[in-house]
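S.K.: Contents of run.pdb (PDB, C-alpha atoms):
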ATOM      1  CA  MET E1026      -1.073 -64.872 -72.583
ATOM      2  CA  GLY E1027       0.857 -61.803 -71.490
ATOM      3  CA  LYS E1028       0.539 -59.982 -68.195
ATOM      4  CA  ILE E1029       0.394 -56.296 -67.336
ATOM      5  CA  THR E1030       2.725 -55.061 -64.609
ATOM      6  CA  PHE E1031       1.389 -52.673 -61.982
ATOM      7  CA  LYS E1032       3.297 -50.555 -59.519
ATOM      8  CA  PRO E1033       3.419 -52.054 -55.977
ATOM      9  CA  GLY E1034       0.014 -51.767 -54.346
ATOM     10  CA  THR E1035      -2.700 -53.419 -52.276
ATOM     11  CA  MET E1036      -3.721 -55.994 -54.901
ATOM     12  CA  LEU E1037      -4.372 -58.967 -52.626
ATOM     13  CA  ASN E1038      -8.051 -59.776 -53.226
ATOM     14  CA  PRO E1039     -10.614 -60.843 -52.202
ATOM     15  CA  VAL E1040     -10.424 -59.890 -48.542
ATOM     16  CA  PRO E1041     -12.889 -60.148 -45.653
ATOM     17  CA  ALA E1042     -15.333 -57.303 -45.139
ATOM     18  CA  VAL E1043     -15.922 -57.293 -41.388
ATOM     19  CA  MET E1044     -17.663 -54.885 -39.056
ATOM     20  CA  VAL E1045     -15.486 -54.046 -36.068
ATOM     21  CA  SER E1046     -17.304 -52.763 -32.987
ATOM     22  CA  CYS E1047     -15.478 -50.887 -30.262
ATOM     23  CA  GLY E1048     -15.962 -48.509 -27.356
ATOM     24  CA  THR E1049     -18.746 -48.273 -24.772
ATOM     25  CA  GLY E1050     -21.633 -45.969 -23.959
ATOM     26  CA  LYS E1051     -21.690 -42.813 -26.060
ATOM     27  CA  GLU E1052     -18.321 -43.692 -27.581
ATOM     28  CA  ARG E1053     -19.372 -47.023 -29.040
ATOM     29  CA  ASN E1054     -18.743 -47.295 -32.743
ATOM     30  CA  ILE E1055     -18.603 -49.616 -35.746
ATOM     31  CA  ILE E1056     -15.939 -49.426 -38.436
ATOM     32  CA  THR E1057     -15.812 -51.627 -41.521
ATOM     33  CA  ILE E1058     -12.412 -53.232 -42.029
ATOM     34  CA  ALA E1059     -11.108 -55.170 -45.030
ATOM     35  CA  TRP E1060      -7.531 -55.606 -43.809
ATOM     36  CA  THR E1061      -7.813 -58.330 -41.205
ATOM     37  CA  GLY E1062      -6.881 -61.980 -40.816
ATOM     38  CA  ILE E1063      -5.485 -64.708 -38.589
ATOM     39  CA  VAL E1064      -1.795 -64.503 -37.662
ATOM     40  CA  ASN E1065      -1.361 -67.271 -35.071
ATOM     41  CA  SER E1066      -3.036 -70.461 -33.843
ATOM     42  CA  GLU E1067      -1.910 -70.880 -30.231
ATOM     43  CA  PRO E1068      -2.818 -68.516 -28.763
ATOM     44  CA  PRO E1069      -5.367 -67.591 -31.433
ATOM     45  CA  MET E1070      -4.438 -64.149 -32.710
ATOM     46  CA  THR E1071      -5.743 -61.748 -35.303
ATOM     47  CA  TYR E1072      -5.145 -58.206 -36.489
ATOM     48  CA  ILE E1073      -6.915 -55.213 -37.945
ATOM     49  CA  SER E1074      -5.231 -52.322 -39.753
ATOM     50  CA  VAL E1075      -6.856 -48.924 -39.181
ATOM     51  CA  ARG E1076      -6.032 -45.511 -40.593
ATOM     52  CA  LYS E1077      -4.734 -43.190 -37.902
ATOM     53  CA  GLU E1078      -7.339 -40.519 -38.598
ATOM     54  CA  ARG E1079     -10.328 -42.840 -38.174
ATOM     55  CA  HIS E1080     -12.524 -42.284 -35.126
ATOM     56  CA  SER E1081     -12.257 -45.936 -34.123
ATOM     57  CA  HIS E1082      -8.462 -45.798 -34.119
ATOM     58  CA  ARG E1083      -8.362 -43.690 -30.964
ATOM     59  CA  ILE E1084     -11.103 -45.728 -29.289
ATOM     60  CA  ILE E1085      -9.327 -49.031 -29.889
ATOM     61  CA  LYS E1086      -5.963 -47.585 -28.886
ATOM     62  CA  ASP E1087      -7.429 -46.252 -25.629
ATOM     63  CA  THR E1088      -9.513 -49.303 -24.669
ATOM     64  CA  GLY E1089      -7.359 -52.092 -26.115
ATOM     65  CA  GLU E1090     -10.451 -54.047 -27.156
ATOM     66  CA  PHE E1091     -12.614 -54.666 -30.206
ATOM     67  CA  VAL E1092     -14.990 -57.241 -31.695
ATOM     68  CA  ILE E1093     -14.750 -58.561 -35.252
ATOM     69  CA  ASN E1094     -18.307 -59.205 -36.497
ATOM     70  CA  LEU E1095     -18.591 -61.272 -39.677
ATOM     71  CA  THR E1096     -20.664 -59.672 -42.423
ATOM     72  CA  THR E1097     -23.504 -61.324 -44.353
ATOM     73  CA  GLU E1098     -25.432 -60.414 -47.478
ATOM     74  CA  LYS E1099     -28.158 -58.952 -45.245
ATOM     75  CA  LEU E1100     -25.547 -56.791 -43.500
ATOM     76  CA  ALA E1101     -23.824 -55.584 -46.683
ATOM     77  CA  PHE E1102     -25.627 -52.217 -46.663
ATOM     78  CA  ALA E1103     -24.746 -51.681 -43.005
ATOM     79  CA  ALA E1104     -21.132 -52.688 -43.630
ATOM     80  CA  ASP E1105     -20.768 -50.192 -46.453
ATOM     81  CA  TYR E1106     -22.449 -47.461 -44.385
ATOM     82  CA  CYS E1107     -20.134 -48.079 -41.438
ATOM     83  CA  GLY E1108     -17.166 -47.854 -43.772
ATOM     84  CA  VAL E1109     -17.988 -44.395 -45.127
ATOM     85  CA  LYS E1110     -19.819 -42.677 -42.238
ATOM     86  CA  SER E1111     -17.888 -41.363 -39.245
ATOM     87  CA  GLY E1112     -18.843 -42.347 -35.728
ATOM     88  CA  ARG E1113     -17.961 -38.839 -34.596
ATOM     89  CA  ASP E1114     -21.255 -37.645 -36.032
ATOM     90  CA  LEU E1115     -23.750 -40.357 -35.115
ATOM     91  CA  ASP E1116     -24.380 -43.645 -33.304
ATOM     92  CA  LYS E1117     -24.195 -46.266 -36.055
ATOM     93  CA  PHE E1118     -25.966 -48.870 -33.922
ATOM     94  CA  GLU E1119     -28.988 -46.579 -33.690
ATOM     95  CA  ALA E1120     -28.792 -45.294 -37.265
ATOM     96  CA  LEU E1121     -28.794 -48.827 -38.687
ATOM     97  CA  LYS E1122     -31.015 -50.412 -36.009
ATOM     98  CA  LEU E1123     -28.271 -52.881 -35.111
ATOM     99  CA  THR E1124     -28.370 -54.706 -31.787
ATOM    100  CA  ALA E1125     -25.551 -53.802 -29.403
ATOM    101  CA  ALA E1126     -25.273 -57.196 -27.694
ATOM    102  CA  ASP E1127     -23.250 -57.774 -24.540
ATOM    103  CA  SER E1128     -19.906 -59.412 -25.224
ATOM    104  CA  ARG E1129     -18.571 -62.187 -22.992
ATOM    105  CA  GLU E1130     -14.968 -61.126 -22.359
ATOM    106  CA  VAL E1131     -14.623 -57.533 -23.561
ATOM    107  CA  SER E1132     -16.469 -54.375 -22.598
ATOM    108  CA  CYS E1133     -17.397 -53.238 -26.121
ATOM    109  CA  PRO E1134     -20.636 -54.549 -27.666
ATOM    110  CA  SER E1135     -20.973 -57.190 -30.349
ATOM    111  CA  ILE E1136     -23.366 -56.831 -33.272
ATOM    112  CA  GLY E1137     -26.330 -59.092 -32.576
ATOM    113  CA  GLN E1138     -27.230 -59.553 -36.260
ATOM    114  CA  SER E1139     -23.768 -60.851 -37.134
ATOM    115  CA  PRO E1140     -23.547 -64.677 -37.294
ATOM    116  CA  VAL E1141     -20.119 -64.786 -35.625
ATOM    117  CA  ASN E1142     -18.609 -62.381 -33.095
ATOM    118  CA  ILE E1143     -14.873 -62.589 -32.396
ATOM    119  CA  GLU E1144     -13.860 -60.756 -29.238
ATOM    120  CA  CYS E1145     -10.310 -59.436 -29.227
ATOM    121  CA  ARG E1146      -7.859 -57.871 -26.793
ATOM    122  CA  VAL E1147      -4.979 -55.810 -28.222
ATOM    123  CA  THR E1148      -1.467 -57.042 -27.439
ATOM    124  CA  GLU E1149       0.584 -54.754 -29.663
ATOM    125  CA  VAL E1150       0.200 -51.744 -31.942
ATOM    126  CA  LYS E1151       2.531 -51.546 -34.943
ATOM    127  CA  GLU E1152       2.814 -48.213 -36.768
ATOM    128  CA  LEU E1153       3.057 -48.891 -40.492
ATOM    129  CA  GLY E1154       2.619 -45.542 -42.210
ATOM    130  CA  THR E1155      -0.916 -44.813 -43.369
ATOM    131  CA  HIS E1156      -2.290 -47.469 -40.998
ATOM    132  CA  ASP E1157      -1.611 -48.852 -37.552
ATOM    133  CA  MET E1158      -1.875 -52.603 -37.128
ATOM    134  CA  PHE E1159      -3.604 -53.726 -33.950
ATOM    135  CA  LEU E1160      -2.382 -57.231 -33.121
ATOM    136  CA  ALA E1161      -4.809 -58.914 -30.762
ATOM    137  CA  GLU E1162      -5.539 -62.156 -28.967
ATOM    138  CA  ILE E1163      -8.921 -63.732 -29.622
ATOM    139  CA  VAL E1164     -10.478 -64.167 -26.179
ATOM    140  CA  SER E1165     -13.967 -65.385 -27.107
ATOM    141  CA  VAL E1166     -15.984 -66.493 -30.146
ATOM    142  CA  SER E1167     -19.791 -66.595 -30.348
ATOM    143  CA  ALA E1168     -21.838 -68.076 -33.196
ATOM    144  CA  ASP E1169     -25.549 -68.318 -33.993
ATOM    145  CA  GLU E1170     -27.076 -71.586 -32.839
ATOM    146  CA  ALA E1171     -28.923 -71.846 -36.160
ATOM    147  CA  LEU E1172     -25.580 -72.419 -37.901
ATOM    148  CA  MET E1173     -24.715 -75.494 -35.836
ATOM    149  CA  ASP E1174     -25.547 -78.982 -37.115
ATOM    150  CA  GLU E1175     -26.428 -81.996 -34.966
ATOM    151  CA  THR E1176     -22.754 -82.935 -34.602
ATOM    152  CA  GLY E1177     -21.837 -79.522 -33.234
ATOM    153  CA  LYS E1178     -20.133 -78.381 -36.434
ATOM    154  CA  LEU E1179     -20.332 -74.711 -37.350
ATOM    155  CA  CYS E1180     -21.755 -74.470 -40.885
ATOM    156  CA  LEU E1181     -20.610 -71.014 -41.943
ATOM    157  CA  GLU E1182     -21.535 -71.739 -45.552
ATOM    158  CA  GLU E1183     -25.147 -71.262 -44.445
ATOM    159  CA  ALA E1184     -24.510 -67.733 -43.121
ATOM    160  CA  GLY E1185     -24.402 -65.932 -46.470
ATOM    161  CA  LEU E1186     -21.010 -64.345 -45.857
ATOM    162  CA  VAL E1187     -19.558 -61.686 -48.147
ATOM    163  CA  ALA E1188     -16.069 -60.674 -49.241
ATOM    164  CA  TYR E1189     -14.660 -57.426 -50.600
ATOM    165  CA  ASN E1190     -12.965 -57.479 -53.995
ATOM    166  CA  HIS E1191     -11.481 -54.413 -55.687
ATOM    167  CA  GLY E1192     -14.171 -51.971 -54.588
ATOM    168  CA  HIS E1193     -17.171 -54.325 -54.602
ATOM    169  CA  TYR E1194     -18.897 -56.661 -52.171
ATOM    170  CA  PHE E1195     -19.441 -60.231 -53.329
ATOM    171  CA  ALA E1196     -21.483 -63.066 -51.858
ATOM    172  CA  LEU E1197     -19.519 -66.234 -51.163
ATOM    173  CA  GLN E1198     -20.821 -69.338 -52.898
ATOM    174  CA  LYS E1199     -22.271 -72.160 -50.807
ATOM    175  CA  THR E1200     -20.834 -75.017 -52.846
ATOM    176  CA  PRO E1201     -17.260 -75.830 -51.768
ATOM    177  CA  LEU E1202     -14.645 -76.624 -54.392
ATOM    178  CA  GLY E1203     -13.047 -79.061 -51.981
ATOM    179  CA  ARG E1204     -12.041 -79.471 -48.375
ATOM    180  CA  PHE E1205      -8.583 -79.269 -46.867
ATOM    181  CA  GLY E1206      -6.532 -82.229 -48.102
ATOM    182  CA  PHE E1207      -8.947 -83.177 -50.911
ATOM    183  CA  SER E1208      -6.093 -83.330 -53.412
ATOM    184  CA  VAL E1209      -4.549 -86.324 -51.637
ATOM    185  CA  MET E1210      -7.717 -87.864 -50.147
ATOM    186  CA  LYS E1211      -8.039 -91.652 -50.242
ATOM    187  CA  PRO E1212     -11.162 -93.097 -51.976
ATOM    188  CA  LYS E1213     -12.303 -94.716 -48.712
ATOM    189  CA  THR E1214     -12.166 -91.391 -46.889
ATOM    190  CA  ARG E1215     -13.978 -89.626 -49.725
ATOM    191  CA  LYS E1216     -16.749 -92.225 -49.648
ATOM    192  CA  ARG E1217     -17.186 -91.825 -45.878
ATOM    193  CA  LEU E1218     -17.342 -88.029 -46.132
ATOM    194  CA  ASP E1219     -19.847 -88.170 -48.994
ATOM    195  CA  ALA E1220     -22.076 -90.426 -46.881
ATOM    196  CA  GLN E1221     -21.821 -88.034 -43.954
ATOM    197  CA  LYS E1222     -22.667 -85.097 -46.200
ATOM    198  CA  LYS E1223     -25.741 -86.895 -47.524
ATOM    199  CA  HIS E1224     -26.856 -87.749 -43.981
ATOM    200  CA  ASN E1225     -26.447 -84.131 -42.847
ATOM    201  CA  SER E1226     -28.460 -82.908 -45.835
ATOM    202  CA  ILE E1227     -31.316 -85.276 -45.013
ATOM    203  CA  GLN E1228     -31.346 -84.181 -41.375
ATOM    204  CA  LYS E1229     -31.336 -80.544 -42.391
ATOM    205  CA  ASN E1230     -34.319 -80.994 -44.717
ATOM    206  CA  ARG E1231     -36.235 -82.770 -41.973
ATOM    207  CA  ARG E1232     -35.683 -79.867 -39.589
ATOM    208  CA  LYS E1233     -37.124 -77.459 -42.171
ATOM    209  CA  ARG E1234     -40.414 -79.342 -42.391
TER     210      ARG E1234
END
Would you mind writing the structure in this file as structure tokens?
M.R.:
Amino acid sequence: MGKITFKPGTMLNPVPAVMVSCGTGKERNIITIAWTGIVNSEPPMTYISVRKERHSHRIIKDTGEFVINLTTEKLAFAADYCGVKSGRDLDKFEALKLTAADSREVSCPSIGQSPVNIECRVTEVKELGTHDMFLAEIVSVSADEALMDETGKLCLEEAGLVAYNHGHYFALQKTPLGRFGFSVMKPKTRKRLDAQKKHNSIQKNRRKR
């Protein structure tokens, strides 16, 4: 089968659709970002790329802080709204009835309805043309207790996360295609993991009763 060649462009999809909160008081704001990811493990570091003309760009540049709030199916409307509406004109927390929760390590609020809040402190700003990349160290992570199993594992597959793909929001499926290393997994290890998965499922069903 042949392929069609495109001119160079932003064709890496799908990407996360996250809600980034920043600022304090009357200057607090939420901007939806699709260009984000992890860039280092130790220390844990991330980035967001923001257009220079966006209201949040100045806030983040001035404060050096922001929170990445993961987006769920229930938050998809709010995420889209925060991506097209400017914070210069309204308080998005109030407009969308989102909870501005206190963060642990940064001054800007987290979004209470988000299942995971990743607090970040900017270490470097790289000017790239249309966007500036804010490199940041992750200084705190908070997750909903309801997503933790009895072993203390964070079960993000239960959160109903969404991704952004070529102009549309898509729900992520719950059923994994495999776990890291499954292509070389030994039968004994696979059997042990299957047993653990079955046990966790039973415990989860019992908690729902």
S.K.: Need to verify the contact set: E:Asp1087, 12 Å, all atoms listed in the file, exclusion of same-chain residues closer than 3 positions in sequence. Can you return it as a PyMOL selection string?
M.R.: chain E and resi 1047-1049+1052+1080-1084+1090-1091+1146-1147+1150+1159
S.K.: Decode the PyMOL selection byres ((chain E and resi 1126-1143) around 10) for the given file into explicit residues and return them as a PyMOL selection string.
M.R.: chain E and resi 1043-1050+1052-1055+1071+1085+1088-1097+1099-1100+1118+1122-1125+1144-1146+1162-1172+1181+1183-1186
S.K.: For the atom pair atom CA of E:Ala1104 and atom CA of E:Cys1180, what is the interatomic distance in Å to one decimal place?
M.R.: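 Atom-to-atom, atom CA of E:Ala1104 and atom CA of E:Cys1180 are spaced 22.0 Å apart.
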S.K.: Spell out the residues picked by the PyMOL selection byres ((chain E and resi 1079) around 12) here, as a PyMOL selection string.
M.R.: chain E and resi 1054-1058+1074-1078+1080-1086+1107-1113+1155-1157
S.K.: Quick one: distance from atom CA of E:Pro1041 to atom CA of E:Asp1174 in Å, one decimal?
M.R.: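 Computing the Euclidean distance for atom CA of E:Pro1041 and atom CA of E:Asp1174 yields 24.2 Å.
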S.K.: Separation of atom CA of E:Gly1154 and atom CA of E:Pro1039, in Å?
M.R.: 22.6 Å
S.K.: Apply the PyMOL selection byres ((chain E and resi 1192-1203) around 9) to the displayed file and report the matching residues as a list in words.
M.R.: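 Applied to this file, the PyMOL selection byres ((chain E and resi 1192-1203) around 9) selects Pro1039, Ala1042, Thr1097, Glu1098, Ala1101, Asp1105, Glu1182, Glu1183, Gly1185, Leu1186, Val1187, Ala1188, Tyr1189, Asn1190, His1191, Arg1204, Phe1205, Gly1206, Phe1207 and Ser1208 of chain E.
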S.K.: Using C-alpha atoms, can you export the residues from the last selection as an mmCIF file, in the coordinates of the input?
M.R.:
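The new file selection17.cif reads:
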data_model
loop_
_atom_site.group_PDB
_atom_site.id
_atom_site.type_symbol
_atom_site.label_atom_id
_atom_site.label_comp_id
_atom_site.auth_asym_id
_atom_site.auth_seq_id
_atom_site.Cartn_x
_atom_site.Cartn_y
_atom_site.Cartn_z
ATOM 1 C CA PRO E 1039 -10.614 -60.843 -52.202
ATOM 2 C CA ALA E 1042 -15.333 -57.303 -45.139
ATOM 3 C CA THR E 1097 -23.504 -61.324 -44.353
ATOM 4 C CA GLU E 1098 -25.432 -60.414 -47.478
ATOM 5 C CA ALA E 1101 -23.824 -55.584 -46.683
ATOM 6 C CA ASP E 1105 -20.768 -50.192 -46.453
ATOM 7 C CA GLU E 1182 -21.535 -71.739 -45.552
ATOM 8 C CA GLU E 1183 -25.147 -71.262 -44.445
ATOM 9 C CA GLY E 1185 -24.402 -65.932 -46.470
ATOM 10 C CA LEU E 1186 -21.010 -64.345 -45.857
ATOM 11 C CA VAL E 1187 -19.558 -61.686 -48.147
ATOM 12 C CA ALA E 1188 -16.069 -60.674 -49.241
ATOM 13 C CA TYR E 1189 -14.660 -57.426 -50.600
ATOM 14 C CA ASN E 1190 -12.965 -57.479 -53.995
ATOM 15 C CA HIS E 1191 -11.481 -54.413 -55.687
ATOM 16 C CA ARG E 1204 -12.041 -79.471 -48.375
ATOM 17 C CA PHE E 1205 -8.583 -79.269 -46.867
ATOM 18 C CA GLY E 1206 -6.532 -82.229 -48.102
ATOM 19 C CA PHE E 1207 -8.947 -83.177 -50.911
ATOM 20 C CA SER E 1208 -6.093 -83.330 -53.412
#
S.K.: Just need the box for stretch 1177-1184 of chain E, edges along x, y and z, holding every atom the file lists for it with 4 Å tacked onto each side, so centre and edge lengths in Å to one decimal, as JSON.
M.R.:
{"center_x": -22.6, "center_y": -73.6, "center_z": -39.4, "size_x": 13.0, "size_y": 19.8, "size_z": 20.3}
